[in-house]
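Pasted below: final_28.cif, mmCIF, N, CA and C atoms.
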```
data_structure
loop_
_atom_site.label_atom_id
_atom_site.label_comp_id
_atom_site.auth_asym_id
_atom_site.auth_seq_id
_atom_site.Cartn_x
_atom_site.Cartn_y
_atom_site.Cartn_z
N VAL Q 1 166.91 64.73 -34.14
CA VAL Q 1 165.81 65.62 -34.49
C VAL Q 1 165.20 65.20 -35.82
N LYS Q 2 166.06 64.90 -36.80
CA LYS Q 2 165.56 64.52 -38.11
C LYS Q 2 164.73 63.24 -38.03
N GLN Q 3 165.18 62.27 -37.25
CA GLN Q 3 164.42 61.03 -37.10
C GLN Q 3 163.06 61.29 -36.48
N ALA Q 4 163.01 62.17 -35.52
CA ALA Q 4 161.74 62.50 -34.87
C ALA Q 4 160.79 63.17 -35.86
N GLU Q 5 161.33 64.05 -36.70
CA GLU Q 5 160.50 64.71 -37.71
C GLU Q 5 159.99 63.70 -38.73
N GLU Q 6 160.85 62.79 -39.16
CA GLU Q 6 160.44 61.77 -40.12
C GLU Q 6 159.37 60.85 -39.52
N LYS Q 7 159.54 60.50 -38.25
CA LYS Q 7 158.54 59.66 -37.59
C LYS Q 7 157.22 60.39 -37.47
N ALA Q 8 157.25 61.66 -37.12
CA ALA Q 8 156.03 62.45 -37.01
C ALA Q 8 155.32 62.53 -38.37
N TRP Q 9 156.10 62.70 -39.43
CA TRP Q 9 155.54 62.77 -40.78
C TRP Q 9 154.89 61.43 -41.15
N THR Q 10 155.60 60.34 -40.90
CA THR Q 10 155.08 59.01 -41.20
C THR Q 10 153.84 58.70 -40.38
N ASP Q 11 153.88 59.03 -39.11
CA ASP Q 11 152.74 58.78 -38.23
C ASP Q 11 151.50 59.56 -38.67
N GLY Q 12 151.69 60.69 -39.29
CA GLY Q 12 150.57 61.52 -39.73
C GLY Q 12 150.02 61.14 -41.09
N GLN Q 13 150.62 60.15 -41.75
CA GLN Q 13 150.19 59.79 -43.11
C GLN Q 13 148.73 59.34 -43.16
N ALA Q 14 148.31 58.55 -42.21
CA ALA Q 14 146.93 58.07 -42.20
C ALA Q 14 145.95 59.23 -42.08
N ILE Q 15 146.29 60.21 -41.29
CA ILE Q 15 145.43 61.38 -41.12
C ILE Q 15 145.35 62.17 -42.42
N ARG Q 16 146.49 62.33 -43.09
CA ARG Q 16 146.51 63.05 -44.36
C ARG Q 16 145.74 62.28 -45.44
N ASP Q 17 145.89 60.96 -45.45
CA ASP Q 17 145.17 60.14 -46.43
C ASP Q 17 143.66 60.27 -46.25
N LEU Q 18 143.20 60.21 -45.01
CA LEU Q 18 141.78 60.33 -44.75
C LEU Q 18 141.28 61.73 -45.09
N ALA Q 19 142.08 62.74 -44.84
CA ALA Q 19 141.70 64.11 -45.20
C ALA Q 19 141.57 64.25 -46.71
N ASP Q 20 142.48 63.65 -47.46
CA ASP Q 20 142.40 63.69 -48.93
C ASP Q 20 141.13 62.98 -49.41
N LEU Q 21 140.83 61.85 -48.80
CA LEU Q 21 139.63 61.10 -49.16
C LEU Q 21 138.38 61.93 -48.90
N ARG Q 22 138.33 62.57 -47.75
CA ARG Q 22 137.16 63.40 -47.41
C ARG Q 22 137.04 64.60 -48.35
N THR Q 23 138.16 65.17 -48.73
CA THR Q 23 138.13 66.31 -49.66
C THR Q 23 137.51 65.90 -50.99
N GLU Q 24 137.94 64.77 -51.52
CA GLU Q 24 137.38 64.29 -52.79
C GLU Q 24 135.92 63.91 -52.63
N ARG Q 25 135.59 63.25 -51.54
CA ARG Q 25 134.19 62.90 -51.27
C ARG Q 25 133.32 64.14 -51.21
N ASN Q 26 133.78 65.16 -50.51
CA ASN Q 26 133.01 66.40 -50.39
C ASN Q 26 132.84 67.08 -51.74
N ARG Q 27 133.87 67.01 -52.60
CA ARG Q 27 133.77 67.60 -53.93
C ARG Q 27 132.69 66.88 -54.75
N LEU Q 28 132.66 65.56 -54.66
CA LEU Q 28 131.68 64.80 -55.41
C LEU Q 28 130.26 65.06 -54.90
N ILE Q 29 130.10 65.19 -53.61
CA ILE Q 29 128.78 65.53 -53.07
C ILE Q 29 128.36 66.92 -53.55
N ALA Q 30 129.29 67.86 -53.50
CA ALA Q 30 128.98 69.23 -53.92
C ALA Q 30 128.54 69.29 -55.38
N GLU Q 31 129.09 68.40 -56.21
CA GLU Q 31 128.69 68.37 -57.63
C GLU Q 31 127.21 68.05 -57.80
N THR Q 32 126.60 67.41 -56.82
CA THR Q 32 125.19 67.02 -56.93
C THR Q 32 124.27 67.88 -56.08
N ASP Q 33 124.82 68.85 -55.37
CA ASP Q 33 123.98 69.71 -54.53
C ASP Q 33 122.89 70.41 -55.34
N TRP Q 34 123.20 70.77 -56.57
CA TRP Q 34 122.22 71.48 -57.40
C TRP Q 34 120.98 70.61 -57.66
N VAL Q 35 121.16 69.30 -57.74
CA VAL Q 35 120.02 68.41 -57.98
C VAL Q 35 119.08 68.46 -56.78
N VAL Q 36 119.63 68.38 -55.60
CA VAL Q 36 118.83 68.43 -54.38
C VAL Q 36 118.13 69.78 -54.28
N THR Q 37 118.88 70.84 -54.51
CA THR Q 37 118.30 72.19 -54.44
C THR Q 37 117.17 72.36 -55.44
N MET Q 38 117.38 71.92 -56.67
CA MET Q 38 116.36 72.05 -57.72
C MET Q 38 115.07 71.33 -57.31
N HIS Q 39 115.20 70.10 -56.82
CA HIS Q 39 114.00 69.35 -56.44
C HIS Q 39 113.32 69.97 -55.23
N LYS Q 40 114.09 70.48 -54.30
CA LYS Q 40 113.49 71.15 -53.14
C LYS Q 40 112.73 72.41 -53.58
N GLU Q 41 113.34 73.18 -54.49
CA GLU Q 41 112.69 74.41 -54.95
C GLU Q 41 111.43 74.11 -55.76
N LEU Q 42 111.45 73.01 -56.52
CA LEU Q 42 110.29 72.64 -57.32
C LEU Q 42 109.24 71.89 -56.51
N GLY Q 43 109.62 71.46 -55.33
CA GLY Q 43 108.70 70.68 -54.50
C GLY Q 43 108.53 69.26 -55.02
N THR Q 44 109.53 68.76 -55.73
CA THR Q 44 109.47 67.41 -56.27
C THR Q 44 110.41 66.50 -55.48
N ASN Q 45 110.25 65.22 -55.69
CA ASN Q 45 111.07 64.24 -54.97
C ASN Q 45 112.47 64.15 -55.57
N ILE Q 46 113.44 64.05 -54.71
CA ILE Q 46 114.82 63.81 -55.15
C ILE Q 46 114.86 62.36 -55.63
N PRO Q 47 115.40 62.12 -56.83
CA PRO Q 47 115.44 60.76 -57.35
C PRO Q 47 116.16 59.82 -56.37
N THR Q 48 115.60 58.63 -56.22
CA THR Q 48 116.16 57.64 -55.30
C THR Q 48 117.62 57.33 -55.64
N ALA Q 49 117.93 57.22 -56.92
CA ALA Q 49 119.32 56.93 -57.32
C ALA Q 49 120.27 58.01 -56.82
N MET Q 50 119.83 59.26 -56.85
CA MET Q 50 120.68 60.36 -56.39
C MET Q 50 120.83 60.31 -54.88
N LYS Q 51 119.75 60.02 -54.17
CA LYS Q 51 119.84 59.91 -52.71
C LYS Q 51 120.77 58.77 -52.32
N THR Q 52 120.68 57.65 -53.03
CA THR Q 52 121.52 56.49 -52.75
C THR Q 52 122.99 56.82 -53.02
N TYR Q 53 123.25 57.50 -54.13
CA TYR Q 53 124.62 57.90 -54.49
C TYR Q 53 125.21 58.81 -53.43
N ARG Q 54 124.47 59.82 -53.03
CA ARG Q 54 124.97 60.77 -52.04
C ARG Q 54 125.21 60.09 -50.69
N GLN Q 55 124.33 59.16 -50.30
CA GLN Q 55 124.52 58.44 -49.05
C GLN Q 55 125.76 57.55 -49.13
N ALA Q 56 125.97 56.91 -50.28
CA ALA Q 56 127.16 56.07 -50.45
C ALA Q 56 128.43 56.91 -50.33
N LEU Q 57 128.39 58.13 -50.85
CA LEU Q 57 129.55 59.02 -50.71
C LEU Q 57 129.77 59.39 -49.25
N ARG Q 58 128.69 59.70 -48.54
CA ARG Q 58 128.83 60.05 -47.13
C ARG Q 58 129.38 58.87 -46.32
N ASP Q 59 129.04 57.65 -46.73
CA ASP Q 59 129.46 56.46 -46.01
C ASP Q 59 130.84 55.96 -46.43
N ILE Q 60 131.47 56.59 -47.40
CA ILE Q 60 132.71 56.08 -47.99
C ILE Q 60 133.82 55.89 -46.96
N THR Q 61 133.86 56.74 -45.94
CA THR Q 61 134.93 56.62 -44.95
C THR Q 61 134.66 55.51 -43.93
N ASP Q 62 133.53 54.83 -44.04
CA ASP Q 62 133.28 53.68 -43.17
C ASP Q 62 134.20 52.52 -43.52
N GLY Q 63 134.61 52.45 -44.80
CA GLY Q 63 135.45 51.33 -45.21
C GLY Q 63 136.80 51.74 -45.78
N ALA Q 64 136.83 52.86 -46.46
CA ALA Q 64 138.07 53.31 -47.09
C ALA Q 64 138.82 54.25 -46.16
N THR Q 65 140.15 54.20 -46.25
CA THR Q 65 140.96 55.07 -45.42
C THR Q 65 141.89 55.96 -46.24
N SER Q 66 141.90 55.76 -47.56
CA SER Q 66 142.72 56.61 -48.43
C SER Q 66 142.17 56.55 -49.84
N LEU Q 67 142.64 57.43 -50.68
CA LEU Q 67 142.22 57.44 -52.08
C LEU Q 67 142.66 56.16 -52.79
N ASP Q 68 143.68 55.50 -52.26
CA ASP Q 68 144.20 54.28 -52.89
C ASP Q 68 143.30 53.06 -52.68
N ASP Q 69 142.48 53.07 -51.64
CA ASP Q 69 141.68 51.88 -51.37
C ASP Q 69 140.18 52.14 -51.43
N VAL Q 70 139.78 53.17 -52.13
CA VAL Q 70 138.37 53.51 -52.22
C VAL Q 70 137.76 53.00 -53.53
N THR Q 71 136.53 52.56 -53.45
CA THR Q 71 135.74 52.23 -54.63
C THR Q 71 134.60 53.24 -54.67
N TRP Q 72 134.69 54.16 -55.60
CA TRP Q 72 133.69 55.23 -55.68
C TRP Q 72 132.39 54.70 -56.26
N PRO Q 73 131.25 55.14 -55.72
CA PRO Q 73 129.97 54.76 -56.31
C PRO Q 73 129.80 55.45 -57.67
N THR Q 74 128.97 54.89 -58.50
CA THR Q 74 128.73 55.46 -59.83
C THR Q 74 127.67 56.56 -59.73
N LYS Q 75 128.00 57.71 -60.26
CA LYS Q 75 127.07 58.84 -60.24
C LYS Q 75 125.93 58.57 -61.21
N PRO Q 76 124.69 58.73 -60.73
CA PRO Q 76 123.56 58.51 -61.63
C PRO Q 76 123.50 59.59 -62.71
N SER Q 77 122.95 59.22 -63.84
CA SER Q 77 122.87 60.22 -64.93
C SER Q 77 121.53 60.89 -64.96
#
```
Can I see the file as structure tokens?
Amino acid sequence: VKQAEEKAWTDGQAIRDLADLRTERNRLIAETDWVVTMHKELGTNIPTAMKTYRQALRDITDGATSLDDVTWPTKPS
């Protein structure tokens, strides 16, 4: 029974790693939501650098599978 539980835990590691990655990615996107909202409310264009940053965050799981192998994009100032 113990071996089966350990195997199940090990087998689920990739799923947990990807979930952690998505959680951090979502937090970083949420930090910039106010920029998008502000520009929408003002009727102005969202800066290209911010759109690029947010898209790079959304695309992060295309290549990375855990927090250990991710290269985070630089947040524009």
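Rounded to one decimal, CA of Gly12 in chain Q and CA of Glu31 in chain Q lie 29.1 Å from each other.
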Given the PyMOL selection byres ((chain Q and resi 19-23) around 8), the residues it picks as a PDB file with N, CA and C atoms, keeping the file's coordinate frame:
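Produced file result_15.pdb, reproduced below:
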```pdb
ATOM      1  N   GLN Q  13     150.620  60.150 -41.750  1.00  0.00           N
ATOM      2  CA  GLN Q  13     150.190  59.790 -43.110  1.00  0.00           C
ATOM      3  C   GLN Q  13     148.730  59.340 -43.160  1.00  0.00           C
ATOM      4  N   ALA Q  14     148.310  58.550 -42.210  1.00  0.00           N
ATOM      5  CA  ALA Q  14     146.930  58.070 -42.200  1.00  0.00           C
ATOM      6  C   ALA Q  14     145.950  59.230 -42.080  1.00  0.00           C
ATOM      7  N   ILE Q  15     146.290  60.210 -41.290  1.00  0.00           N
ATOM      8  CA  ILE Q  15     145.430  61.380 -41.120  1.00  0.00           C
ATOM      9  C   ILE Q  15     145.350  62.170 -42.420  1.00  0.00           C
ATOM     10  N   ARG Q  16     146.490  62.330 -43.090  1.00  0.00           N
ATOM     11  CA  ARG Q  16     146.510  63.050 -44.360  1.00  0.00           C
ATOM     12  C   ARG Q  16     145.740  62.280 -45.440  1.00  0.00           C
ATOM     13  N   ASP Q  17     145.890  60.960 -45.450  1.00  0.00           N
ATOM     14  CA  ASP Q  17     145.170  60.140 -46.430  1.00  0.00           C
ATOM     15  C   ASP Q  17     143.660  60.270 -46.250  1.00  0.00           C
ATOM     16  N   LEU Q  18     143.200  60.210 -45.010  1.00  0.00           N
ATOM     17  CA  LEU Q  18     141.780  60.330 -44.750  1.00  0.00           C
ATOM     18  C   LEU Q  18     141.280  61.730 -45.090  1.00  0.00           C
ATOM     19  N   GLU Q  24     137.940  64.770 -51.520  1.00  0.00           N
ATOM     20  CA  GLU Q  24     137.380  64.290 -52.790  1.00  0.00           C
ATOM     21  C   GLU Q  24     135.920  63.910 -52.630  1.00  0.00           C
ATOM     22  N   ARG Q  25     135.590  63.250 -51.540  1.00  0.00           N
ATOM     23  CA  ARG Q  25     134.190  62.900 -51.270  1.00  0.00           C
ATOM     24  C   ARG Q  25     133.320  64.140 -51.210  1.00  0.00           C
ATOM     25  N   ASN Q  26     133.780  65.160 -50.510  1.00  0.00           N
ATOM     26  CA  ASN Q  26     133.010  66.400 -50.390  1.00  0.00           C
ATOM     27  C   ASN Q  26     132.840  67.080 -51.740  1.00  0.00           C
ATOM     28  N   ARG Q  27     133.870  67.010 -52.600  1.00  0.00           N
ATOM     29  CA  ARG Q  27     133.770  67.600 -53.930  1.00  0.00           C
ATOM     30  C   ARG Q  27     132.690  66.880 -54.750  1.00  0.00           C
ATOM     31  N   LEU Q  28     132.660  65.560 -54.660  1.00  0.00           N
ATOM     32  CA  LEU Q  28     131.680  64.800 -55.410  1.00  0.00           C
ATOM     33  C   LEU Q  28     130.260  65.060 -54.900  1.00  0.00           C
ATOM     34  N   ILE Q  29     130.100  65.190 -53.610  1.00  0.00           N
ATOM     35  CA  ILE Q  29     128.780  65.530 -53.070  1.00  0.00           C
ATOM     36  C   ILE Q  29     128.360  66.920 -53.550  1.00  0.00           C
ATOM     37  N   ILE Q  60     131.470  56.590 -47.400  1.00  0.00           N
ATOM     38  CA  ILE Q  60     132.710  56.080 -47.990  1.00  0.00           C
ATOM     39  C   ILE Q  60     133.820  55.890 -46.960  1.00  0.00           C
ATOM     40  N   THR Q  61     133.860  56.740 -45.940  1.00  0.00           N
ATOM     41  CA  THR Q  61     134.930  56.620 -44.950  1.00  0.00           C
ATOM     42  C   THR Q  61     134.660  55.510 -43.930  1.00  0.00           C
ATOM     43  N   ALA Q  64     136.830  52.860 -46.460  1.00  0.00           N
ATOM     44  CA  ALA Q  64     138.070  53.310 -47.090  1.00  0.00           C
ATOM     45  C   ALA Q  64     138.820  54.250 -46.160  1.00  0.00           C
ATOM     46  N   THR Q  65     140.150  54.200 -46.250  1.00  0.00           N
ATOM     47  CA  THR Q  65     140.960  55.070 -45.420  1.00  0.00           C
ATOM     48  C   THR Q  65     141.890  55.960 -46.240  1.00  0.00           C
ATOM     49  N   SER Q  66     141.900  55.760 -47.560  1.00  0.00           N
ATOM     50  CA  SER Q  66     142.720  56.610 -48.430  1.00  0.00           C
ATOM     51  C   SER Q  66     142.170  56.550 -49.840  1.00  0.00           C
ATOM     52  N   LEU Q  67     142.640  57.430 -50.680  1.00  0.00           N
ATOM     53  CA  LEU Q  67     142.220  57.440 -52.080  1.00  0.00           C
ATOM     54  C   LEU Q  67     142.660  56.160 -52.790  1.00  0.00           C
ATOM     55  N   ASP Q  68     143.680  55.500 -52.260  1.00  0.00           N
ATOM     56  CA  ASP Q  68     144.200  54.280 -52.890  1.00  0.00           C
ATOM     57  C   ASP Q  68     143.300  53.060 -52.680  1.00  0.00           C
TER      58      ASP Q  68
END
```
Distance atom N of Trp72 in chain Q-atom N of Trp9 in chain Q, one decimal place?
->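 Separation of atom N of Trp72 in chain Q and atom N of Trp9 in chain Q: 28.2 Å.
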Among listed residues Q:Gln3, Q:Ser77, Q:Gly63, Q:Val70, nearest Ala49 in chain Q (using only N, CA and C atoms) =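 Going through Q:Gln3, Q:Ser77, Q:Gly63, Q:Val70 one by one, the smallest distance to Ala49 in chain Q is for Q:Ser77.
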For Val36 in chain Q, list every protein, DNA or RNA residue within 10 Å, evaluated using only C-alpha atoms, and leave out those in the same chain fewer than 5 positions away; present the list as JSON, numbers by chain.
-> {"Q": [41, 42, 44, 45, 46, 47, 50, 51]}
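Rounded to one decimal, atom C of Lys75 in chain Q and atom N of Arg58 in chain Q lie 13.0 Å from each other.
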Can you list, as a ChimeraX atom specification, every residue of range 11-69 of chain Q that DSSP puts in helix (DSSP H, G or I)?
-> /Q:11,13-31,33-42,48-58,60-62,67-69
